[in-house]
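This is structure_21.csv. It holds CSV, C-alpha atoms.
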```csv
chain,number,residue,atom,x,y,z
A,1499,MET,CA,-12.9,-10.7,-30.7
A,1500,SER,CA,-14.1,-8.2,-28.1
A,1501,ASP,CA,-12.3,-7.6,-24.9
A,1502,ASN,CA,-14.7,-8.3,-22.0
A,1503,ARG,CA,-12.1,-7.6,-19.3
A,1504,ARG,CA,-12.9,-5.2,-16.5
A,1505,GLN,CA,-10.5,-2.4,-17.1
A,1506,ARG,CA,-11.8,0.1,-14.5
A,1507,HIS,CA,-10.5,-1.4,-11.2
A,1508,HIS,CA,-11.7,-0.2,-7.8
A,1509,VAL,CA,-8.8,0.2,-5.4
A,1510,VAL,CA,-11.3,0.8,-2.6
A,1511,PRO,CA,-14.4,-1.5,-2.7
A,1512,ARG,CA,-17.7,0.0,-3.8
A,1513,LEU,CA,-19.2,-2.0,-0.9
A,1514,HIS,CA,-17.1,0.1,1.5
A,1515,LEU,CA,-17.6,3.5,-0.3
A,1516,ARG,CA,-21.4,3.1,-0.2
A,1517,GLY,CA,-21.3,3.5,3.5
A,1518,PHE,CA,-20.2,7.1,3.0
A,1519,ALA,CA,-22.5,8.0,0.1
A,1520,ASP,CA,-25.9,9.6,0.0
A,1521,GLN,CA,-29.1,7.8,-1.2
A,1522,GLY,CA,-28.2,8.7,-4.8
A,1523,GLY,CA,-24.8,7.0,-4.5
A,1524,ARG,CA,-22.8,10.2,-4.5
A,1525,LEU,CA,-20.0,11.3,-2.3
A,1526,VAL,CA,-17.5,14.2,-2.0
A,1527,GLN,CA,-14.0,13.5,-3.3
A,1528,LEU,CA,-11.4,15.7,-1.8
A,1529,ASP,CA,-8.1,15.8,-3.7
A,1530,LEU,CA,-5.6,16.2,-0.9
A,1531,GLY,CA,-2.8,17.4,-3.2
A,1532,THR,CA,-4.8,20.4,-4.5
A,1533,GLY,CA,-7.6,20.9,-2.0
A,1534,ARG,CA,-10.2,20.6,-4.8
A,1535,ARG,CA,-13.6,19.1,-3.9
A,1536,ARG,CA,-16.0,17.6,-6.3
A,1537,ARG,CA,-18.9,15.1,-6.2
A,1538,VAL,CA,-18.5,11.7,-7.7
A,1539,SER,CA,-20.5,8.5,-7.8
A,1540,VAL,CA,-19.5,5.4,-6.0
A,1541,SER,CA,-18.9,3.8,-9.4
A,1542,ASP,CA,-16.4,6.4,-10.4
A,1543,ALA,CA,-14.6,6.8,-7.0
A,1544,ALA,CA,-11.2,5.2,-6.3
A,1545,VAL,CA,-10.8,3.8,-9.9
A,1546,ILE,CA,-7.5,3.1,-11.5
A,1547,LYS,CA,-7.5,1.7,-15.0
A,1548,ASN,CA,-6.0,-1.8,-15.3
A,1549,PHE,CA,-4.5,-1.6,-11.8
A,1550,TYR,CA,-4.9,-5.3,-11.1
A,1551,THR,CA,-4.4,-6.6,-14.7
A,1552,VAL,CA,-1.9,-9.3,-15.1
A,1553,VAL,CA,-0.4,-10.8,-18.3
A,1554,LEU,CA,-0.7,-14.5,-18.7
A,1555,PRO,CA,2.0,-16.7,-20.1
A,1556,ASP,CA,0.4,-16.7,-23.6
A,1557,GLY,CA,0.6,-12.9,-23.6
A,1558,THR,CA,-3.1,-12.1,-23.0
A,1559,ALA,CA,-4.2,-9.7,-20.3
A,1560,SER,CA,-6.4,-11.0,-17.5
A,1561,ASP,CA,-8.7,-9.4,-14.9
A,1562,ALA,CA,-8.9,-12.5,-12.8
A,1563,TRP,CA,-7.5,-10.7,-9.7
A,1564,GLU,CA,-10.0,-7.9,-10.0
A,1565,ARG,CA,-12.8,-10.5,-10.2
A,1566,TRP,CA,-11.4,-12.4,-7.2
A,1567,LEU,CA,-11.3,-9.2,-5.1
A,1568,SER,CA,-14.9,-8.5,-6.1
A,1569,ASP,CA,-15.9,-12.0,-4.9
A,1570,VAL,CA,-14.2,-11.5,-1.6
A,1571,GLU,CA,-16.1,-8.3,-1.1
A,1572,ASN,CA,-19.4,-9.9,-1.8
A,1573,GLU,CA,-18.6,-12.7,0.7
A,1574,VAL,CA,-17.8,-10.2,3.5
A,1575,ALA,CA,-20.9,-8.0,3.0
A,1576,PRO,CA,-23.1,-9.8,5.5
A,1577,ALA,CA,-20.5,-9.8,8.2
A,1578,LEU,CA,-19.8,-6.1,7.6
A,1579,ARG,CA,-23.6,-5.3,7.9
A,1580,ARG,CA,-23.8,-7.3,11.1
A,1581,ALA,CA,-20.7,-5.6,12.6
A,1582,ILE,CA,-22.4,-2.2,11.9
A,1583,GLY,CA,-25.9,-3.1,13.0
A,1584,MET,CA,-25.6,-5.4,16.0
A,1585,PRO,CA,-26.9,-3.7,19.2
A,1586,ARG,CA,-23.9,-5.0,21.1
A,1587,PHE,CA,-20.5,-5.5,19.5
A,1588,GLU,CA,-19.7,-9.1,19.8
A,1589,LEU,CA,-18.5,-10.9,16.7
A,1590,THR,CA,-18.9,-14.5,15.9
A,1591,ALA,CA,-15.6,-16.4,15.2
A,1592,ASP,CA,-16.6,-16.8,11.5
A,1593,ASP,CA,-17.4,-13.0,11.1
A,1594,ARG,CA,-14.1,-12.1,12.8
A,1595,ILE,CA,-12.2,-14.3,10.4
A,1596,ARG,CA,-14.0,-12.8,7.4
A,1597,LEU,CA,-13.5,-9.2,8.5
A,1598,ALA,CA,-9.8,-9.8,9.4
A,1599,ARG,CA,-9.2,-11.2,6.0
A,1600,TRP,CA,-11.1,-8.3,4.4
A,1601,ILE,CA,-9.2,-5.7,6.3
A,1602,GLY,CA,-5.9,-7.4,5.6
A,1603,LEU,CA,-6.7,-7.4,1.9
A,1604,GLN,CA,-7.6,-3.6,2.0
A,1605,TYR,CA,-4.3,-3.0,3.7
A,1606,LEU,CA,-2.3,-4.7,1.0
A,1607,ARG,CA,-4.2,-4.1,-2.2
A,1608,GLY,CA,-4.0,-0.3,-2.6
A,1609,PRO,CA,-1.8,2.2,-4.5
A,1610,ASP,CA,0.0,3.1,-1.3
A,1611,ASN,CA,1.2,-0.4,-0.9
A,1612,ARG,CA,2.3,-0.7,-4.5
A,1613,ARG,CA,4.2,2.6,-4.2
A,1614,GLN,CA,5.9,1.3,-1.0
A,1615,ILE,CA,7.0,-1.8,-2.8
A,1616,ALA,CA,8.4,0.4,-5.6
A,1617,GLU,CA,10.3,2.6,-3.1
A,1618,ILE,CA,11.8,-0.5,-1.4
A,1619,ALA,CA,12.8,-1.9,-4.8
A,1620,ALA,CA,14.4,1.4,-5.7
A,1621,LEU,CA,16.4,1.5,-2.5
A,1622,THR,CA,17.5,-2.1,-3.1
A,1623,LEU,CA,18.4,-1.4,-6.7
A,1624,ARG,CA,20.5,1.7,-5.7
A,1625,ALA,CA,22.4,-0.4,-3.1
A,1626,GLN,CA,23.0,-3.3,-5.4
A,1627,VAL,CA,24.2,-1.3,-8.3
A,1628,GLY,CA,26.3,0.9,-6.0
A,1629,MET,CA,28.0,-2.1,-4.4
A,1630,GLY,CA,29.0,-3.5,-7.8
A,1631,GLY,CA,30.6,-0.3,-9.1
A,1632,LEU,CA,30.4,1.4,-12.5
A,1633,ALA,CA,32.5,-1.3,-14.3
A,1634,TYR,CA,30.1,-4.1,-13.3
A,1635,LEU,CA,27.1,-1.9,-14.4
A,1636,ARG,CA,28.7,-1.4,-17.8
A,1637,HIS,CA,29.5,-5.2,-17.9
A,1638,ALA,CA,25.9,-6.1,-17.1
A,1639,MET,CA,24.5,-3.7,-19.6
A,1640,SER,CA,26.8,-5.0,-22.3
A,1641,GLU,CA,25.9,-8.6,-21.6
A,1642,GLY,CA,22.1,-7.9,-21.5
A,1643,SER,CA,22.2,-5.7,-24.6
A,1644,GLY,CA,24.3,-8.0,-26.7
A,1645,ARG,CA,26.6,-5.1,-27.6
A,1646,GLU,CA,29.5,-3.1,-26.2
A,1647,VAL,CA,28.0,-0.4,-24.0
A,1648,SER,CA,30.0,2.8,-23.9
A,1649,LEU,CA,31.3,4.2,-20.7
A,1650,ALA,CA,29.2,7.4,-21.2
A,1651,GLU,CA,26.0,5.3,-21.5
A,1652,ALA,CA,26.8,3.4,-18.4
A,1653,GLU,CA,27.7,6.6,-16.5
A,1654,ARG,CA,24.3,8.1,-17.5
A,1655,VAL,CA,22.6,5.2,-15.9
A,1656,TRP,CA,24.9,5.3,-12.8
A,1657,ASP,CA,24.2,9.0,-12.3
A,1658,ASP,CA,20.4,8.4,-12.6
A,1659,ILE,CA,20.4,5.6,-10.1
A,1660,HIS,CA,22.5,7.7,-7.6
A,1661,SER,CA,20.7,11.0,-8.2
A,1662,LEU,CA,19.0,12.7,-5.3
A,1663,LYS,CA,15.6,11.7,-6.6
A,1664,GLY,CA,16.8,8.1,-7.1
A,1665,PRO,CA,15.9,5.5,-9.7
A,1666,GLU,CA,12.4,5.1,-10.9
A,1667,VAL,CA,11.1,1.6,-10.5
A,1668,VAL,CA,7.7,0.6,-11.7
A,1669,ILE,CA,5.8,-2.3,-10.1
A,1670,ASP,CA,3.2,-3.9,-12.2
A,1671,GLY,CA,0.0,-5.6,-11.2
A,1672,GLU,CA,1.5,-9.1,-11.3
A,1673,GLU,CA,4.4,-8.4,-9.0
A,1674,HIS,CA,2.2,-6.5,-6.6
A,1675,LEU,CA,-0.3,-9.3,-6.4
A,1676,GLN,CA,2.4,-11.9,-5.9
A,1677,ILE,CA,3.6,-10.0,-2.9
A,1678,LEU,CA,0.1,-9.6,-1.7
A,1679,ALA,CA,-0.5,-13.3,-1.9
A,1680,LYS,CA,2.6,-14.0,0.2
A,1681,ALA,CA,1.7,-11.5,2.9
A,1682,TYR,CA,-2.0,-12.0,3.0
A,1683,HIS,CA,-2.2,-14.7,5.7
A,1684,SER,CA,0.3,-13.1,8.1
A,1685,VAL,CA,-1.3,-9.7,7.8
A,1686,SER,CA,-4.8,-11.1,8.4
A,1687,GLN,CA,-3.5,-12.9,11.5
A,1688,MET,CA,-2.0,-9.6,12.9
A,1689,ILE,CA,-5.4,-8.0,12.4
A,1690,MET,CA,-7.1,-11.0,14.0
A,1691,ASN,CA,-4.9,-10.9,17.1
A,1692,ARG,CA,-5.8,-7.3,18.1
A,1693,SER,CA,-8.4,-6.3,20.6
A,1694,TRP,CA,-11.5,-5.3,18.6
A,1695,CYS,CA,-13.6,-2.3,19.5
A,1696,ARG,CA,-16.4,-0.5,17.8
A,1697,VAL,CA,-17.2,3.2,18.1
A,1698,VAL,CA,-20.7,4.3,16.9
A,1699,TYR,CA,-21.1,8.0,16.4
A,1700,ALA,CA,-24.3,10.0,16.3
A,1701,GLU,CA,-22.7,13.4,15.5
A,1702,ASN,CA,-19.0,13.1,14.6
A,1703,PRO,CA,-18.8,12.1,10.9
A,1704,LEU,CA,-16.1,9.9,9.5
A,1705,ALA,CA,-14.3,9.9,6.1
A,1706,ALA,CA,-12.8,7.2,4.0
A,1707,SER,CA,-9.7,7.5,1.9
A,1708,ASP,CA,-8.0,5.6,-0.9
A,1709,VAL,CA,-6.0,4.0,1.9
A,1710,PRO,CA,-9.0,2.6,3.9
A,1711,VAL,CA,-7.0,1.0,6.7
A,1712,ALA,CA,-5.4,3.7,8.9
A,1713,ILE,CA,-2.4,3.0,11.1
A,1714,VAL,CA,-2.4,5.0,14.3
A,1715,PRO,CA,1.2,5.0,15.6
A,1716,GLY,CA,2.2,5.4,19.2
A,1717,GLU,CA,5.0,7.7,20.5
A,1718,ALA,CA,7.7,5.1,21.0
A,1719,TYR,CA,10.1,4.0,18.3
A,1720,ASN,CA,8.6,0.5,18.1
A,1721,GLU,CA,4.9,1.6,18.0
A,1722,GLY,CA,4.6,2.0,14.2
A,1723,GLY,CA,3.6,-0.2,11.4
A,1724,LEU,CA,0.9,-2.8,11.4
A,1725,GLN,CA,2.6,-4.9,14.1
A,1726,GLY,CA,3.4,-2.2,16.6
A,1727,ALA,CA,0.9,0.5,16.0
A,1728,MET,CA,-1.2,1.7,18.9
A,1729,ALA,CA,-4.4,1.1,16.8
A,1730,VAL,CA,-5.5,0.1,13.4
A,1731,ALA,CA,-8.6,2.2,12.5
A,1732,VAL,CA,-11.1,1.1,9.8
A,1733,PRO,CA,-14.3,3.2,9.2
A,1734,LEU,CA,-17.1,0.7,8.4
A,1735,ASP,CA,-19.4,3.6,7.3
A,1736,ARG,CA,-19.7,7.3,8.0
A,1737,ARG,CA,-20.8,6.7,11.6
A,1738,THR,CA,-19.1,3.4,12.6
A,1739,LEU,CA,-15.4,3.1,13.4
A,1740,LEU,CA,-13.6,-0.2,14.0
A,1741,TRP,CA,-10.8,0.5,16.4
A,1742,LEU,CA,-8.3,-2.4,16.7
A,1743,GLU,CA,-6.0,-2.0,19.7
A,1744,ARG,CA,-2.6,-3.5,20.3
A,1745,PRO,CA,-3.1,-6.2,23.0
A,1746,ASP,CA,-1.0,-6.2,26.1
A,1747,TRP,CA,0.9,-9.1,27.7
A,1748,ARG,CA,-2.5,-10.7,28.6
A,1749,GLY,CA,-3.5,-11.0,25.0
A,1750,PRO,CA,-6.5,-9.6,23.1
A,1751,ARG,CA,-9.5,-8.3,25.1
A,1752,ALA,CA,-13.1,-9.3,24.5
A,1753,ASP,CA,-15.0,-7.4,21.9
A,1754,ARG,CA,-16.5,-4.2,23.2
A,1755,ASP,CA,-18.1,-0.9,22.3
A,1756,ARG,CA,-16.2,2.2,23.2
A,1757,GLN,CA,-17.7,5.6,24.1
A,1758,PRO,CA,-18.1,7.7,21.0
A,1759,ARG,CA,-15.6,10.4,22.0
A,1760,ALA,CA,-14.9,13.1,19.5
A,1761,LEU,CA,-11.2,12.5,20.1
A,1762,PHE,CA,-11.2,9.1,18.4
A,1763,ALA,CA,-13.1,10.5,15.4
A,1764,ASP,CA,-10.6,13.4,15.2
A,1765,ILE,CA,-7.6,11.1,15.5
A,1766,TYR,CA,-8.9,8.8,12.8
A,1767,ASN,CA,-9.8,11.6,10.3
A,1768,HIS,CA,-6.4,13.2,10.8
A,1769,THR,CA,-4.7,9.9,10.3
A,1770,ALA,CA,-6.8,9.2,7.2
A,1771,ILE,CA,-5.7,12.5,5.7
A,1772,LEU,CA,-2.1,11.9,6.5
A,1773,SER,CA,-2.0,8.3,5.2
A,1774,ALA,CA,-4.2,8.7,2.1
A,1775,GLU,CA,-2.4,8.4,-1.3
A,1776,ARG,CA,-4.4,11.2,-2.9
A,1777,PHE,CA,-8.2,11.2,-2.2
A,1778,LEU,CA,-10.5,11.5,0.8
A,1779,TYR,CA,-14.2,10.5,0.5
A,1780,TYR,CA,-17.2,11.5,2.6
A,1781,HIS,CA,-20.9,12.0,2.6
A,1782,PRO,CA,-22.1,15.3,1.0
A,1783,ASP,CA,-23.9,16.3,4.2
A,1784,ASP,CA,-20.8,15.9,6.3
A,1785,GLU,CA,-17.7,17.9,7.0
A,1786,PRO,CA,-15.3,15.4,8.6
A,1787,VAL,CA,-12.1,17.3,7.7
A,1788,PRO,CA,-10.6,18.7,11.0
A,1789,LYS,CA,-10.3,22.5,11.0
A,1790,ASP,CA,-6.5,22.3,11.7
A,1791,ALA,CA,-5.8,19.8,8.9
A,1792,LYS,CA,-3.2,21.0,6.5
A,1793,ILE,CA,-4.6,20.8,3.0
A,1794,PRO,CA,-3.2,20.7,0.4
A,1795,ARG,CA,-0.5,18.4,1.6
A,1796,PRO,CA,2.3,16.6,-0.1
A,1797,ARG,CA,2.1,13.0,-1.0
A,1798,PRO,CA,3.5,11.0,2.0
A,1799,ASP,CA,6.7,9.0,1.7
A,1800,ARG,CA,5.9,5.3,2.0
A,1801,VAL,CA,9.5,4.3,3.0
A,1802,GLU,CA,11.5,6.5,5.4
A,1803,VAL,CA,15.2,6.1,5.4
A,1804,VAL,CA,17.0,7.4,8.5
A,1805,GLY,CA,20.8,7.5,8.4
A,1806,GLY,CA,22.4,4.4,6.9
A,1807,LEU,CA,25.6,3.8,4.9
A,1808,ASP,CA,26.3,5.0,1.4
A,1809,LEU,CA,27.1,1.7,-0.4
A,1810,ALA,CA,28.2,3.3,-3.7
A,1811,ASN,CA,31.6,2.1,-4.7
A,1812,ARG,CA,31.9,3.7,-8.2
A,1813,ASP,CA,35.5,2.7,-8.8
A,1814,ARG,CA,35.3,-1.0,-7.8
A,1815,PRO,CA,37.2,-3.2,-10.2
A,1816,LEU,CA,35.1,-5.5,-12.3
A,1817,ALA,CA,37.2,-8.5,-11.4
A,1818,ASP,CA,36.5,-7.9,-7.7
A,1819,ALA,CA,32.8,-7.8,-8.3
A,1820,LEU,CA,32.8,-10.9,-10.5
A,1821,GLU,CA,34.9,-12.8,-8.0
A,1822,GLN,CA,32.5,-12.0,-5.2
A,1823,ILE,CA,29.6,-13.3,-7.3
A,1824,ALA,CA,31.4,-16.5,-8.2
A,1825,ASP,CA,32.3,-17.2,-4.6
A,1826,HIS,CA,28.9,-16.2,-3.1
A,1827,CYS,CA,26.8,-19.0,-1.5
A,1828,ASP,CA,23.6,-17.9,0.2
A,1829,PRO,CA,20.7,-20.4,-0.6
A,1830,ALA,CA,18.3,-18.3,1.4
A,1831,GLY,CA,19.0,-15.2,-0.6
A,1832,THR,CA,19.3,-13.1,2.5
A,1833,SER,CA,22.5,-11.2,1.6
A,1834,LEU,CA,22.8,-8.4,-1.0
A,1835,ILE,CA,25.5,-8.5,-3.6
A,1836,ALA,CA,25.9,-7.0,-7.1
A,1837,ASN,CA,24.6,-10.0,-8.8
A,1838,TYR,CA,22.1,-8.5,-11.2
A,1839,SER,CA,21.5,-8.6,-14.9
A,1840,TRP,CA,20.3,-6.1,-17.5
A,1841,PRO,CA,17.7,-4.9,-18.1
A,1842,ILE,CA,16.8,-4.5,-14.4
A,1843,PRO,CA,13.1,-5.5,-13.9
A,1844,GLY,CA,11.0,-2.4,-13.3
A,1845,TYR,CA,13.8,0.1,-13.7
A,1846,GLN,CA,13.2,2.9,-16.2
A,1847,PRO,CA,16.6,4.1,-17.5
A,1848,PRO,CA,17.0,7.7,-18.7
A,1849,SER,CA,16.5,8.4,-22.3
A,1850,PRO,CA,19.7,8.7,-24.4
```

Represent the supplied structure as structure tokens.
Amino acid sequence: MSDNRRQRHHVVPRLHLRGFADQGGRLVQLDLGTGRRRRVSVSDAAVIKNFYTVVLPDGTASDAWERWLSDVENEVAPALRRAIGMPRFELTADDRIRLARWIGLQYLRGPDNRRQIAEIAALTLRAQVGMGGLAYLRHAMSEGSGREVSLAEAERVWDDIHSLKGPEVVIDGEEHLQILAKAYHSVSQMIMNRSWCRVVYAENPLAASDVPVAIVPGEAYNEGGLQGAMAVAVPLDRRTLLWLERPDWRGPRADRDRQPRALFADIYNHTAILSAERFLYYHPDDEPVPKDAKIPRPRPDRVEVVGGLDLANRDRPLADALEQIADHCDPAGTSLIANYSWPIPGYQPPSP
């Protein structure tokens, strides 16, 4: 039986990328890791094979999530065109809901978000294994493997998890999409509750990246992330920027058009470069990359850990860890203890 699944999954909608392409559907792809530029078609841009594939209970692979994402994009297309083309920026309630949901989906669906989930999972794994100690790790490995695991084998895993690089945790499409589904409503609501502005440029070109929702942080400690950021910037096409401001104590302001200042375009294009996972996309006739942008640039960290305690307790007695697990009572699951089993989901142990 032939496999009719879609295997080439677009992590940025083609609907979005067309706004940055020429009439032939071509755009420039800038690899921010190498500085290499090349022309690609909209169909070939921002594609990762089987990125949204999930495995069903019967073992078959499904592209249902990829098809659902495509359906959402088709539904938002008229609202997107109206937001770009209306003479005065003033959305209907229905269009605002559709666009907020679409922006929330773009914020959650990409490779940057999956890597952030993986980095958080790696930190949690490191803390959990460290708290349990080497003896509990060996115990868990023996229980899960159905054989007596040697001390040397357990030490190899312990050293890998507590190495400077840290453990490698792989998040698959199913886990990513489960987290997306849980966060989708709250993220869309945060987008909805901002003050919506549009900036239409005649001269300053805009780029898109493989992280199409750019977070513009403020200077204070609490002015980062989706909730506290000074602005959330979304380029609707190469000339139209949606600038979603954080409301003040009076609440969101009415929709409005902002003056097309070059500063906003420059801030956005810089932010797009810094936040992109790997690629920047733009019209072949444009040069949106700021002259002072540092390219090539390293891949950005998605989770930044500042300070914190080292929870590793290598010599903790096994009996002590088992007693804590037996006595633990936390129905909400809000506390972290060394109650894990082997194999650890997503963790890639070192080769023997």

* Asked: Which residue, A:Ile1618, A:Ala1544, A:Leu1597, A:Leu1742, has the smallest gap to A:Asp1755 when you use all atoms listed in the file?
  ->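 Of A:Ile1618, A:Ala1544, A:Leu1597, A:Leu1742, the one nearest A:Asp1755, counting all atoms listed in the file, is A:Leu1742.
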
* Exercise: stretch 1745-1749 of chain A partners within 9 Å, all atoms listed in the file, chain neighbours under 4 positions left out, as a list of chain:residue names ->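 Counting all atoms listed in the file, the residues come to A:Asn1691, A:Arg1692, A:Ser1693.
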
* Contact residues around A:Ser1839 with all atoms listed in the file at 10 Å, ignoring same-chain residues under 3 positions, as a list in words ->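 Near neighbours after the sequence-gap exclusion: Tyr1634, Leu1635, His1637, Ala1638, Met1639, Ser1640, Glu1641, Gly1642, Ala1836, Ile1842 and Pro1843 of chain A.
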
Using only C-alpha atoms, which residues of stretch 1536-1580 of chain A come within 7 Å of stretch 1520-1526 of chain A, and what is the closest atom pair for each, with the distance in Å to one decimal? Give it as CSV, sorted by chain and residue number.
```
residue,atom,partner,partner_atom,distance
A:Arg1536,CA,A:Val1526,CA,5.7
A:Arg1537,CA,A:Val1526,CA,4.5
A:Val1538,CA,A:Arg1524,CA,5.6
A:Ser1539,CA,A:Arg1524,CA,4.4
A:Val1540,CA,A:Gly1523,CA,5.7
```

* Structure fact -> Using all atoms listed in the file, the residue out of A:Leu1678, A:Ala1598, A:Val1685, A:Ala1616 with shortest distance to A:Gly1844 is A:Ala1616
